[in-house]
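See below for my_file01.tsv, which holds TSV, C-alpha atoms.
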chain	number	residue	atom	x	y	z
A	21	MET	CA	0.44	-25.40	-37.02
A	22	SER	CA	3.56	-25.51	-34.96
A	23	THR	CA	3.62	-26.77	-31.42
A	24	ILE	CA	4.24	-23.26	-30.13
A	25	GLU	CA	1.19	-21.92	-31.98
A	26	LYS	CA	-1.00	-24.71	-30.59
A	27	ALA	CA	0.19	-23.97	-27.04
A	28	ALA	CA	-0.52	-20.26	-27.52
A	29	GLU	CA	-4.06	-21.01	-28.76
A	30	ARG	CA	-4.77	-23.23	-25.71
A	31	LEU	CA	-3.42	-20.53	-23.41
A	32	ALA	CA	-5.69	-17.92	-25.03
A	33	ALA	CA	-8.72	-20.19	-24.70
A	34	LYS	CA	-7.96	-20.83	-21.01
A	35	SER	CA	-7.54	-17.11	-20.40
A	36	ALA	CA	-10.94	-16.39	-21.98
A	37	LYS	CA	-12.54	-19.07	-19.82
A	38	ASN	CA	-11.03	-17.58	-16.66
A	39	LYS	CA	-12.41	-14.13	-17.58
A	40	LYS	CA	-15.91	-15.57	-17.97
A	41	GLN	CA	-15.70	-17.17	-14.46
A	42	GLU	CA	-14.50	-13.87	-12.96
A	43	LYS	CA	-17.51	-12.08	-14.48
A	44	LYS	CA	-19.84	-14.65	-12.89
A	45	LEU	CA	-18.20	-14.13	-9.50
A	46	ASP	CA	-18.55	-10.37	-9.83
A	47	ALA	CA	-22.25	-10.75	-10.53
A	48	ALA	CA	-22.81	-13.00	-7.43
A	49	PRO	CA	-23.77	-11.52	-3.97
A	50	GLU	CA	-20.93	-10.31	-1.81
A	51	THR	CA	-21.78	-12.86	0.95
A	52	GLY	CA	-19.76	-15.96	0.34
A	53	ILE	CA	-22.25	-18.20	2.21
A	54	ALA	CA	-25.13	-17.18	-0.06
A	55	ALA	CA	-22.99	-17.69	-3.18
A	56	SER	CA	-22.11	-21.21	-2.11
A	57	VAL	CA	-25.72	-22.39	-1.66
A	58	PRO	CA	-26.85	-24.55	-4.61
A	59	ALA	CA	-29.65	-23.12	-6.74
A	60	ALA	CA	-32.03	-25.95	-5.80
A	61	THR	CA	-31.70	-25.27	-2.07
A	62	THR	CA	-33.99	-22.82	-0.29
A	63	VAL	CA	-33.25	-21.32	3.12
A	64	GLU	CA	-36.20	-20.17	5.28
A	65	ILE	CA	-35.54	-17.50	7.87
A	66	ALA	CA	-37.97	-17.51	10.86
A	67	PRO	CA	-39.75	-14.20	11.33
A	68	ALA	CA	-38.69	-12.14	14.33
A	69	ARG	CA	-40.78	-12.66	17.47
A	70	SER	CA	-43.25	-9.96	18.25
A	71	ALA	CA	-42.71	-7.71	21.22
A	72	GLN	CA	-45.65	-9.42	22.92
A	73	ARG	CA	-43.97	-12.81	22.73
A	74	ASP	CA	-40.67	-11.44	23.95
A	75	ALA	CA	-42.30	-9.95	27.03
A	76	PRO	CA	-41.96	-12.09	30.20
A	77	ALA	CA	-44.96	-14.05	31.38
A	78	ALA	CA	-47.15	-12.29	33.90
A	79	VAL	CA	-46.22	-13.19	37.47
A	80	GLU	CA	-49.03	-13.69	39.95
A	81	PRO	CA	-48.70	-11.11	42.72
A	82	LYS	CA	-47.56	-12.54	46.04
A	83	ARG	CA	-50.43	-12.98	48.46
A	84	THR	CA	-49.81	-11.42	51.85
A	85	LEU	CA	-51.83	-10.24	54.81
A	86	SER	CA	-52.63	-6.62	54.05
A	87	LYS	CA	-54.81	-6.03	57.09
A	88	LYS	CA	-53.83	-5.88	60.72
A	89	LEU	CA	-55.57	-8.65	62.58
A	90	PRO	CA	-58.26	-7.56	65.03
A	91	VAL	CA	-57.35	-7.74	68.70
A	92	THR	CA	-60.57	-9.64	69.36
A	93	PRO	CA	-62.78	-11.47	66.84
A	94	ALA	CA	-65.86	-9.55	65.72
A	95	LYS	CA	-68.07	-12.66	65.69
A	96	THR	CA	-69.02	-14.97	68.55
A	97	LEU	CA	-70.08	-18.59	68.20
A	98	GLU	CA	-72.38	-20.30	70.66
A	99	ILE	CA	-70.84	-23.73	71.20
A	100	ASP	CA	-73.25	-26.46	72.32
A	101	LEU	CA	-71.29	-27.36	75.45
A	102	GLU	CA	-73.68	-30.08	76.55
A	103	ARG	CA	-73.28	-31.79	73.19
A	104	LEU	CA	-69.50	-31.59	73.57
A	105	HIS	CA	-69.71	-33.06	77.05
A	106	GLN	CA	-71.83	-35.94	75.80
A	107	GLY	CA	-69.08	-36.58	73.25
A	108	GLY	CA	-66.55	-37.01	76.04
A	109	PHE	CA	-64.91	-33.61	75.74
A	110	VAL	CA	-63.80	-31.22	78.47
A	111	THR	CA	-66.24	-28.36	79.13
A	112	PRO	CA	-66.30	-25.57	81.75
A	113	ASP	CA	-69.45	-26.97	83.38
A	114	TYR	CA	-67.72	-30.26	84.16
A	115	ALA	CA	-64.37	-28.97	85.29
A	116	ARG	CA	-63.98	-31.68	87.95
A	117	SER	CA	-64.61	-34.64	85.64
A	118	ALA	CA	-62.00	-37.37	85.31
A	119	VAL	CA	-61.15	-36.30	81.76
A	120	ALA	CA	-60.78	-32.66	82.83
A	121	GLN	CA	-58.42	-33.70	85.62
A	122	GLU	CA	-56.36	-35.80	83.25
A	123	PHE	CA	-55.95	-32.93	80.81
A	124	ARG	CA	-54.99	-30.59	83.63
A	125	LYS	CA	-51.93	-32.80	84.15
A	126	ILE	CA	-51.22	-32.82	80.44
A	127	LYS	CA	-51.73	-29.06	80.16
A	128	ARG	CA	-49.24	-28.29	82.93
A	129	GLN	CA	-46.50	-30.22	81.16
A	130	VAL	CA	-47.34	-28.68	77.78
A	131	LEU	CA	-47.23	-25.16	79.24
A	132	ASN	CA	-43.95	-25.98	80.93
A	133	ARG	CA	-42.48	-27.14	77.64
A	134	ILE	CA	-43.82	-24.20	75.67
A	135	GLY	CA	-42.27	-21.87	78.23
A	136	ARG	CA	-38.88	-23.55	77.87
A	137	GLY	CA	-39.13	-24.34	74.18
A	138	PRO	CA	-37.63	-22.64	71.10
A	139	GLY	CA	-38.35	-18.93	71.03
A	140	ALA	CA	-38.63	-18.48	74.79
A	141	SER	CA	-36.08	-17.56	77.44
A	142	SER	CA	-35.21	-19.70	80.44
A	143	ASP	CA	-37.91	-18.00	82.52
A	144	GLY	CA	-40.58	-18.65	79.90
A	145	ALA	CA	-40.74	-15.10	78.52
A	146	PRO	CA	-40.59	-14.71	74.74
A	147	THR	CA	-37.26	-13.61	73.33
A	148	SER	CA	-36.84	-11.12	70.52
A	149	SER	CA	-38.52	-12.26	67.32
A	150	SER	CA	-36.24	-14.14	64.93
A	151	PRO	CA	-37.15	-15.20	61.37
A	152	ASP	CA	-35.28	-18.47	61.93
A	153	LEU	CA	-37.45	-19.50	64.90
A	154	SER	CA	-41.04	-20.64	64.65
A	155	PRO	CA	-43.35	-18.92	67.14
A	156	TYR	CA	-42.84	-20.44	70.60
A	157	ASN	CA	-46.59	-20.15	71.32
A	158	ALA	CA	-47.68	-21.98	68.14
A	159	MET	CA	-48.21	-25.73	68.41
A	160	MET	CA	-49.81	-28.55	66.46
A	161	VAL	CA	-51.30	-31.90	67.48
A	162	THR	CA	-50.84	-34.78	65.06
A	163	SER	CA	-50.40	-38.57	64.94
A	164	ALA	CA	-48.75	-41.15	62.75
A	165	LEU	CA	-51.99	-42.71	61.52
A	166	ALA	CA	-55.68	-41.83	61.48
A	167	GLY	CA	-57.91	-42.80	64.38
A	168	GLU	CA	-55.35	-42.43	67.17
A	169	GLY	CA	-57.26	-39.68	68.97
A	170	LYS	CA	-55.39	-36.54	67.86
A	171	THR	CA	-58.55	-34.46	67.36
A	172	TYR	CA	-59.89	-35.58	70.73
A	173	VAL	CA	-56.62	-34.53	72.34
A	174	ALA	CA	-56.47	-31.22	70.43
A	175	ILE	CA	-59.99	-30.18	71.48
A	176	ASN	CA	-59.60	-31.24	75.11
A	177	LEU	CA	-56.20	-29.58	75.36
A	178	ALA	CA	-57.64	-26.37	73.90
A	179	MET	CA	-60.56	-26.40	76.35
A	180	SER	CA	-58.21	-27.03	79.26
A	181	LEU	CA	-55.82	-24.27	78.18
A	182	ALA	CA	-58.73	-21.84	77.91
A	183	ALA	CA	-59.41	-22.41	81.61
A	184	GLU	CA	-56.09	-20.72	82.42
A	185	LEU	CA	-56.72	-17.21	83.75
A	186	ASP	CA	-53.59	-15.76	82.13
A	187	ARG	CA	-53.73	-17.63	78.81
A	188	GLU	CA	-55.85	-17.65	75.69
A	189	VAL	CA	-56.04	-20.33	73.00
A	190	LEU	CA	-56.88	-20.20	69.31
A	191	LEU	CA	-57.75	-23.67	67.99
A	192	ILE	CA	-57.31	-23.98	64.22
A	193	ASP	CA	-58.69	-26.97	62.32
A	194	GLY	CA	-55.70	-27.70	60.08
A	195	ASP	CA	-57.03	-31.09	58.97
A	196	ILE	CA	-59.03	-29.47	56.17
A	197	ALA	CA	-59.78	-32.72	54.35
A	198	LYS	CA	-61.60	-34.29	57.33
A	199	ALA	CA	-62.52	-31.24	59.43
A	200	ASP	CA	-63.30	-33.38	62.48
A	201	ALA	CA	-62.64	-30.55	64.93
A	202	SER	CA	-64.93	-28.21	62.98
A	203	ARG	CA	-67.62	-30.88	62.95
A	204	ALA	CA	-67.34	-31.37	66.71
A	205	PHE	CA	-68.03	-27.65	67.21
A	206	GLY	CA	-70.71	-27.53	64.49
A	207	ILE	CA	-68.80	-25.02	62.31
A	208	GLU	CA	-67.77	-27.18	59.36
A	209	ASP	CA	-69.64	-25.00	56.83
A	210	ARG	CA	-68.15	-21.66	57.87
A	211	VAL	CA	-65.31	-19.62	56.37
A	212	GLY	CA	-62.03	-21.08	57.55
A	213	LEU	CA	-58.38	-21.77	56.89
A	214	GLY	CA	-59.01	-23.06	53.36
A	215	GLN	CA	-60.46	-19.75	52.21
A	216	VAL	CA	-57.78	-17.73	54.01
A	217	LEU	CA	-55.03	-19.55	52.10
A	218	GLN	CA	-56.66	-18.41	48.86
A	219	ALA	CA	-57.64	-14.90	50.02
A	220	PRO	CA	-55.49	-13.84	53.01
A	221	ASP	CA	-57.64	-10.85	53.96
A	222	ARG	CA	-60.46	-13.24	54.86
A	223	ILE	CA	-58.58	-14.03	58.06
A	224	THR	CA	-60.80	-11.47	59.76
A	225	ASP	CA	-63.84	-13.56	58.72
A	226	ALA	CA	-62.35	-16.87	59.82
A	227	VAL	CA	-61.51	-16.18	63.49
A	228	TYR	CA	-64.47	-16.75	65.80
A	229	ALA	CA	-64.77	-15.98	69.49
A	230	THR	CA	-66.84	-18.47	71.48
A	231	ASN	CA	-69.02	-18.60	74.56
A	232	VAL	CA	-66.08	-20.30	76.30
A	233	PRO	CA	-63.95	-17.52	77.81
A	234	ARG	CA	-60.49	-17.16	76.23
A	235	LEU	CA	-61.22	-19.75	73.49
A	236	SER	CA	-61.33	-18.77	69.80
A	237	LEU	CA	-61.71	-21.03	66.75
A	238	VAL	CA	-60.73	-21.09	63.09
A	239	PRO	CA	-62.72	-23.71	61.11
A	240	ALA	CA	-61.18	-25.90	58.41
A	241	GLY	CA	-62.96	-24.14	55.56
A	242	ASP	CA	-62.87	-25.26	51.93
A	243	TYR	CA	-60.46	-27.92	50.74
A	244	GLN	CA	-57.92	-26.83	48.10
A	245	ASP	CA	-56.32	-29.17	45.55
A	246	ASN	CA	-52.85	-27.68	46.15
A	247	LEU	CA	-53.22	-27.69	49.91
A	248	THR	CA	-49.72	-29.00	50.65
A	249	GLU	CA	-48.15	-26.20	48.61
A	250	LEU	CA	-50.38	-23.61	50.29
A	251	LEU	CA	-49.47	-24.85	53.76
A	252	ALA	CA	-45.78	-24.82	52.84
A	253	SER	CA	-45.92	-21.25	51.52
A	254	ASP	CA	-44.56	-18.02	52.97
A	255	LEU	CA	-48.16	-16.89	53.29
A	256	MET	CA	-48.93	-19.68	55.75
A	257	ASP	CA	-45.84	-18.77	57.73
A	258	GLU	CA	-47.00	-15.15	57.83
A	259	ILE	CA	-50.49	-16.19	58.97
A	260	VAL	CA	-49.12	-18.29	61.85
A	261	ARG	CA	-46.66	-15.60	62.93
A	262	SER	CA	-49.31	-12.89	62.79
A	263	LEU	CA	-51.74	-14.90	64.90
A	264	ALA	CA	-49.03	-15.88	67.39
A	265	GLN	CA	-47.42	-12.45	67.72
A	266	GLN	CA	-50.72	-10.61	68.01
A	267	ASN	CA	-51.06	-11.91	71.56
A	268	ARG	CA	-48.01	-13.47	73.24
A	269	GLU	CA	-50.18	-14.99	75.95
A	270	ARG	CA	-52.29	-16.84	73.39
A	271	ILE	CA	-51.44	-20.36	72.26
A	272	VAL	CA	-52.15	-21.03	68.59
A	273	LEU	CA	-53.07	-24.71	68.48
A	274	PHE	CA	-53.52	-26.68	65.24
A	275	ASP	CA	-55.36	-29.96	64.84
A	276	ALA	CA	-53.17	-31.28	62.00
A	277	PRO	CA	-53.62	-34.28	59.70
A	278	PRO	CA	-51.82	-37.58	60.42
A	279	LEU	CA	-48.17	-37.54	59.33
A	280	LEU	CA	-48.26	-40.78	57.32
A	281	VAL	CA	-51.58	-40.12	55.57
A	282	THR	CA	-50.75	-36.82	53.84
A	283	THR	CA	-47.76	-34.49	53.41
A	284	GLU	CA	-49.69	-31.58	54.93
A	285	ALA	CA	-48.74	-32.21	58.57
A	286	ALA	CA	-45.02	-32.32	57.82
A	287	VAL	CA	-45.03	-28.94	56.04
A	288	LEU	CA	-47.31	-27.41	58.69
A	289	SER	CA	-44.86	-28.45	61.41
A	290	ARG	CA	-42.29	-26.02	59.95
A	291	HIS	CA	-44.44	-23.07	61.00
A	292	VAL	CA	-44.93	-24.00	64.67
A	293	GLY	CA	-42.61	-24.12	67.64
A	294	HIS	CA	-43.95	-27.38	69.09
A	295	VAL	CA	-45.46	-30.66	67.88
A	296	LEU	CA	-47.49	-33.01	70.07
A	297	LEU	CA	-47.39	-36.47	68.48
A	298	VAL	CA	-50.26	-38.65	69.71
A	299	VAL	CA	-49.53	-42.39	69.79
A	300	GLU	CA	-52.29	-44.90	70.48
A	301	ALA	CA	-51.29	-47.57	72.97
A	302	ASN	CA	-51.23	-51.15	71.69
A	303	ARG	CA	-52.19	-50.00	68.20
A	304	THR	CA	-49.61	-47.73	66.56
A	305	PRO	CA	-46.91	-49.93	65.00
A	306	LYS	CA	-43.35	-49.08	66.01
A	307	ASP	CA	-42.27	-48.71	62.40
A	308	ALA	CA	-45.13	-46.27	61.76
A	309	LEU	CA	-44.06	-44.19	64.75
A	310	ALA	CA	-40.47	-44.21	63.52
A	311	LYS	CA	-41.55	-43.05	60.07
A	312	ALA	CA	-43.71	-40.32	61.60
A	313	VAL	CA	-40.74	-39.00	63.57
A	314	LEU	CA	-38.67	-39.00	60.38
A	315	GLU	CA	-41.38	-36.93	58.67
A	316	LEU	CA	-40.80	-34.26	61.30
A	317	GLY	CA	-37.12	-34.16	60.41
A	318	ASP	CA	-34.99	-32.21	62.84
A	319	HIS	CA	-37.86	-30.31	64.44
A	320	PRO	CA	-36.58	-29.21	67.87
A	321	GLY	CA	-39.91	-29.21	69.71
A	322	VAL	CA	-41.42	-32.69	69.33
A	323	MET	CA	-43.45	-34.08	72.26
A	324	MET	CA	-44.95	-37.58	72.33
A	325	MET	CA	-48.14	-38.66	74.03
A	326	LEU	CA	-49.32	-42.25	74.60
A	327	ASN	CA	-53.11	-42.20	74.34
A	328	LYS	CA	-55.68	-44.81	75.44
A	329	ALA	CA	-53.23	-46.65	77.69
A	330	THR	CA	-55.10	-48.69	80.32
A	331	GLY	CA	-53.68	-49.65	83.68
A	332	SER	CA	-53.07	-48.18	87.08
A	333	GLY	CA	-52.21	-44.60	86.21
A	334	ARG	CA	-49.74	-42.85	88.48
A	335	PHE	CA	-52.30	-40.08	89.02
A	336	GLY	CA	-55.03	-42.47	90.15
A	337	TYR	CA	-57.42	-42.29	87.20
A	338	GLY	CA	-56.56	-45.68	85.73
A	339	TYR	CA	-55.15	-44.40	82.42
A	340	GLY	CA	-51.47	-44.43	81.59
A	341	TYR	CA	-49.91	-41.76	79.43
A	342	GLY	CA	-46.30	-41.52	78.27
A	343	TYR	CA	-44.87	-38.14	77.48
A	344	GLY	CA	-41.51	-37.19	76.01
A	345	TYR	CA	-39.94	-34.07	74.57
A	346	GLY	CA	-37.34	-33.32	71.94
A	347	SER	CA	-35.53	-35.48	69.41
A	348	SER	CA	-34.43	-39.07	69.84
A	349	SER	CA	-31.32	-37.81	71.59
A	350	SER	CA	-33.39	-36.30	74.41
A	351	ASP	CA	-33.17	-38.14	77.73
A	352	THR	CA	-36.11	-36.25	79.25
A	353	GLN	CA	-39.08	-38.49	80.03
A	354	GLU	CA	-42.13	-37.52	82.03
A	355	SER	CA	-45.54	-39.07	82.66
A	356	ALA	CA	-49.09	-37.82	82.68
A	357	VAL	CA	-52.51	-39.28	81.86
A	358	ALA	CA	-55.04	-39.12	79.02
A	359	ASN	CA	-57.77	-41.31	77.65
A	360	GLN	CA	-60.37	-41.14	74.93

If you convert what's in this file into structure tokens, what do you get?
Amino acid sequence: MSTIEKAAERLAAKSAKNKKQEKKLDAAPETGIAASVPAATTVEIAPARSAQRDAPAAVEPKRTLSKKLPVTPAKTLEIDLERLHQGGFVTPDYARSAVAQEFRKIKRQVLNRIGRGPGASSDGAPTSSSPDLSPYNAMMVTSALAGEGKTYVAINLAMSLAAELDREVLLIDGDIAKADASRAFGIEDRVGLGQVLQAPDRITDAVYATNVPRLSLVPAGDYQDNLTELLASDLMDEIVRSLAQQNRERIVLFDAPPLLVTTEAAVLSRHVGHVLLVVEANRTPKDALAKAVLELGDHPGVMMMLNKATGSGRFGYGYGYGYGYGSSSSDTQESAVANQ
């Protein structure tokens, strides 16, 4: 066979081979990716998600106050005033006691500051409501550490404020974990702030009038595991604003937890116009006080009170009391007296 014939035979064989490959390609799927997958390889395609899975998760409805607060509480508590007096607290029957006189001095300065504080005009009248301002007539009493006398001060201040003929006071036990104020009044087992934070409409069950004219109470109520988050919520802000705006002549006063013991006092301070920081003389470390002030951040209405200071008081009762207002940049310093 000549060389030409051999070349022609090889060319014919190659042509036949190419035709067989073209037939195989024609028989393969049109998708090039599927044709390129080796026979031994399997590709699993995840089933489409059901419509139920694709649906967004259910969102818990926002809890708000759906009821208008009553002008006056429907329930009245009979406070054992003699028991309170025996505990060293101010009561109407002992209005001329040394403690009552001391808290009169304190009360006058507090009222003066509330009148000139955020949310009030220069003459003490409330300005138009602003969402950026905490209620001028809402205030909390706290301390850096436990045992410095904050609850004692909160109760006595509330009792003294209630003696004002043109003022009312609503004392709220915001220290839900300890509930010392509620225990002092004998109402620790009643519906209170803890239940209201879970079911806002129970606010009507939690506000109690008392046998002390112009004094109302809200007990601590049940403790909640997420208490800090509840106190920091919009709901808590709405509760405070509703209670404060319901009666502009009423002071909403919280007995709050210590600032360095829990985070609850710091978040609660964002809902009130004023903070009274109780400092125990010769006991509260300076670094603890500094940390407590830092916890309050840039709050514009911080007042400081030096409690249990012995000595020759300027008002003649033998108990010194230091009182300041505003941030560290404030140069306003005044004096009054208090003692536990």

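Nearest-residue note for Arg261 (chain A): choosing from A:Ala276, A:Pro155, A:Asp318, A:Ser180, the minimum distance belongs to A:Pro155, counting all atoms listed in the file.
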
Within 12 Å of Ala201 (chain A) using only C-alpha atoms, minus same-chain residues under 3 positions, as a PyMOL selection string: chain A and resi 104+109+161+169-176+178+191-198+204-208+237-241+273-277

Could you save the residues just selected, with C-alpha atoms, as a PDB file, in the frame of the given file?
ATOM      1  CA  LEU A 104     -69.500 -31.590  73.570  1.00  0.00           C
ATOM      2  CA  PHE A 109     -64.910 -33.610  75.740  1.00  0.00           C
ATOM      3  CA  VAL A 161     -51.300 -31.900  67.480  1.00  0.00           C
ATOM      4  CA  GLY A 169     -57.260 -39.680  68.970  1.00  0.00           C
ATOM      5  CA  LYS A 170     -55.390 -36.540  67.860  1.00  0.00           C
ATOM      6  CA  THR A 171     -58.550 -34.460  67.360  1.00  0.00           C
ATOM      7  CA  TYR A 172     -59.890 -35.580  70.730  1.00  0.00           C
ATOM      8  CA  VAL A 173     -56.620 -34.530  72.340  1.00  0.00           C
ATOM      9  CA  ALA A 174     -56.470 -31.220  70.430  1.00  0.00           C
ATOM     10  CA  ILE A 175     -59.990 -30.180  71.480  1.00  0.00           C
ATOM     11  CA  ASN A 176     -59.600 -31.240  75.110  1.00  0.00           C
ATOM     12  CA  ALA A 178     -57.640 -26.370  73.900  1.00  0.00           C
ATOM     13  CA  LEU A 191     -57.750 -23.670  67.990  1.00  0.00           C
ATOM     14  CA  ILE A 192     -57.310 -23.980  64.220  1.00  0.00           C
ATOM     15  CA  ASP A 193     -58.690 -26.970  62.320  1.00  0.00           C
ATOM     16  CA  GLY A 194     -55.700 -27.700  60.080  1.00  0.00           C
ATOM     17  CA  ASP A 195     -57.030 -31.090  58.970  1.00  0.00           C
ATOM     18  CA  ILE A 196     -59.030 -29.470  56.170  1.00  0.00           C
ATOM     19  CA  ALA A 197     -59.780 -32.720  54.350  1.00  0.00           C
ATOM     20  CA  LYS A 198     -61.600 -34.290  57.330  1.00  0.00           C
ATOM     21  CA  ALA A 204     -67.340 -31.370  66.710  1.00  0.00           C
ATOM     22  CA  PHE A 205     -68.030 -27.650  67.210  1.00  0.00           C
ATOM     23  CA  GLY A 206     -70.710 -27.530  64.490  1.00  0.00           C
ATOM     24  CA  ILE A 207     -68.800 -25.020  62.310  1.00  0.00           C
ATOM     25  CA  GLU A 208     -67.770 -27.180  59.360  1.00  0.00           C
ATOM     26  CA  LEU A 237     -61.710 -21.030  66.750  1.00  0.00           C
ATOM     27  CA  VAL A 238     -60.730 -21.090  63.090  1.00  0.00           C
ATOM     28  CA  PRO A 239     -62.720 -23.710  61.110  1.00  0.00           C
ATOM     29  CA  ALA A 240     -61.180 -25.900  58.410  1.00  0.00           C
ATOM     30  CA  GLY A 241     -62.960 -24.140  55.560  1.00  0.00           C
ATOM     31  CA  LEU A 273     -53.070 -24.710  68.480  1.00  0.00           C
ATOM     32  CA  PHE A 274     -53.520 -26.680  65.240  1.00  0.00           C
ATOM     33  CA  ASP A 275     -55.360 -29.960  64.840  1.00  0.00           C
ATOM     34  CA  ALA A 276     -53.170 -31.280  62.000  1.00  0.00           C
ATOM     35  CA  PRO A 277     -53.620 -34.280  59.700  1.00  0.00           C
TER      36      PRO A 277
END

Sphere at (-53.1, -22.0, 56.6), radius 6 Å, counting all atoms listed in the file: residues as a list in words: Leu213, Leu217, Leu251 and Met256 of chain A

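CA of Thr162 (chain A) is found 15.2 Å from CA of Lys328 (chain A).
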
For Arg234 (chain A): contacts at 7 Å, only C-alpha atoms, fewer than 2 positions along chain excluded, given as a PDB file with C-alpha atoms, keeping the file's coordinate frame:
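Written file, part-v7.pdb:
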ATOM      1  CA  ALA A 182     -58.730 -21.840  77.910  1.00  0.00           C
ATOM      2  CA  GLU A 188     -55.850 -17.650  75.690  1.00  0.00           C
ATOM      3  CA  VAL A 189     -56.040 -20.330  73.000  1.00  0.00           C
ATOM      4  CA  VAL A 232     -66.080 -20.300  76.300  1.00  0.00           C
ATOM      5  CA  SER A 236     -61.330 -18.770  69.800  1.00  0.00           C
TER       6      SER A 236
END

Could region 183-197 of chain A be completed with N, CA, C and O atoms and returned as a short mmCIF file (atom, residue, chain, number, x, y, z; two decimals), keeping the file's coordinate frame?
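Produced file part.cif, reproduced below:
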data_model
loop_
_atom_site.label_atom_id
_atom_site.label_comp_id
_atom_site.auth_asym_id
_atom_site.auth_seq_id
_atom_site.Cartn_x
_atom_site.Cartn_y
_atom_site.Cartn_z
N ALA A 183 -59.05 -22.58 80.20
CA ALA A 183 -59.41 -22.41 81.61
C ALA A 183 -58.34 -21.64 82.37
O ALA A 183 -58.59 -21.17 83.49
N GLU A 184 -57.15 -21.50 81.78
CA GLU A 184 -56.09 -20.72 82.42
C GLU A 184 -56.49 -19.24 82.46
O GLU A 184 -56.92 -18.68 81.45
N LEU A 185 -56.31 -18.60 83.61
CA LEU A 185 -56.72 -17.21 83.75
C LEU A 185 -55.81 -16.24 83.00
O LEU A 185 -56.22 -15.14 82.62
N ASP A 186 -54.56 -16.65 82.76
CA ASP A 186 -53.59 -15.76 82.13
C ASP A 186 -53.22 -16.22 80.72
O ASP A 186 -52.22 -15.77 80.17
N ARG A 187 -54.02 -17.11 80.15
CA ARG A 187 -53.73 -17.63 78.81
C ARG A 187 -54.98 -17.55 77.95
O ARG A 187 -56.11 -17.55 78.46
N GLU A 188 -54.77 -17.49 76.65
CA GLU A 188 -55.85 -17.65 75.69
C GLU A 188 -55.42 -18.74 74.70
O GLU A 188 -54.23 -19.07 74.60
N VAL A 189 -56.37 -19.30 73.99
CA VAL A 189 -56.04 -20.33 73.00
C VAL A 189 -56.87 -20.11 71.75
O VAL A 189 -58.06 -19.77 71.81
N LEU A 190 -56.21 -20.25 70.61
CA LEU A 190 -56.88 -20.20 69.31
C LEU A 190 -56.70 -21.57 68.67
O LEU A 190 -55.59 -21.95 68.28
N LEU A 191 -57.78 -22.33 68.58
CA LEU A 191 -57.75 -23.67 67.99
C LEU A 191 -58.07 -23.57 66.52
O LEU A 191 -59.14 -23.09 66.13
N ILE A 192 -57.15 -24.03 65.67
CA ILE A 192 -57.31 -23.98 64.22
C ILE A 192 -57.45 -25.40 63.69
O ILE A 192 -56.61 -26.26 63.97
N ASP A 193 -58.51 -25.65 62.94
CA ASP A 193 -58.69 -26.97 62.32
C ASP A 193 -57.82 -27.02 61.06
O ASP A 193 -58.21 -26.56 60.00
N GLY A 194 -56.63 -27.59 61.20
CA GLY A 194 -55.70 -27.70 60.08
C GLY A 194 -55.86 -28.97 59.28
O GLY A 194 -55.18 -29.15 58.27
N ASP A 195 -56.75 -29.86 59.72
CA ASP A 195 -57.03 -31.09 58.97
C ASP A 195 -58.21 -30.80 58.05
O ASP A 195 -59.33 -31.26 58.27
N ILE A 196 -57.95 -30.02 57.00
CA ILE A 196 -59.03 -29.47 56.17
C ILE A 196 -59.79 -30.58 55.43
O ILE A 196 -61.00 -30.46 55.20
N ALA A 197 -59.12 -31.65 55.09
CA ALA A 197 -59.78 -32.72 54.35
C ALA A 197 -60.87 -33.40 55.18
O ALA A 197 -61.95 -33.72 54.67
#
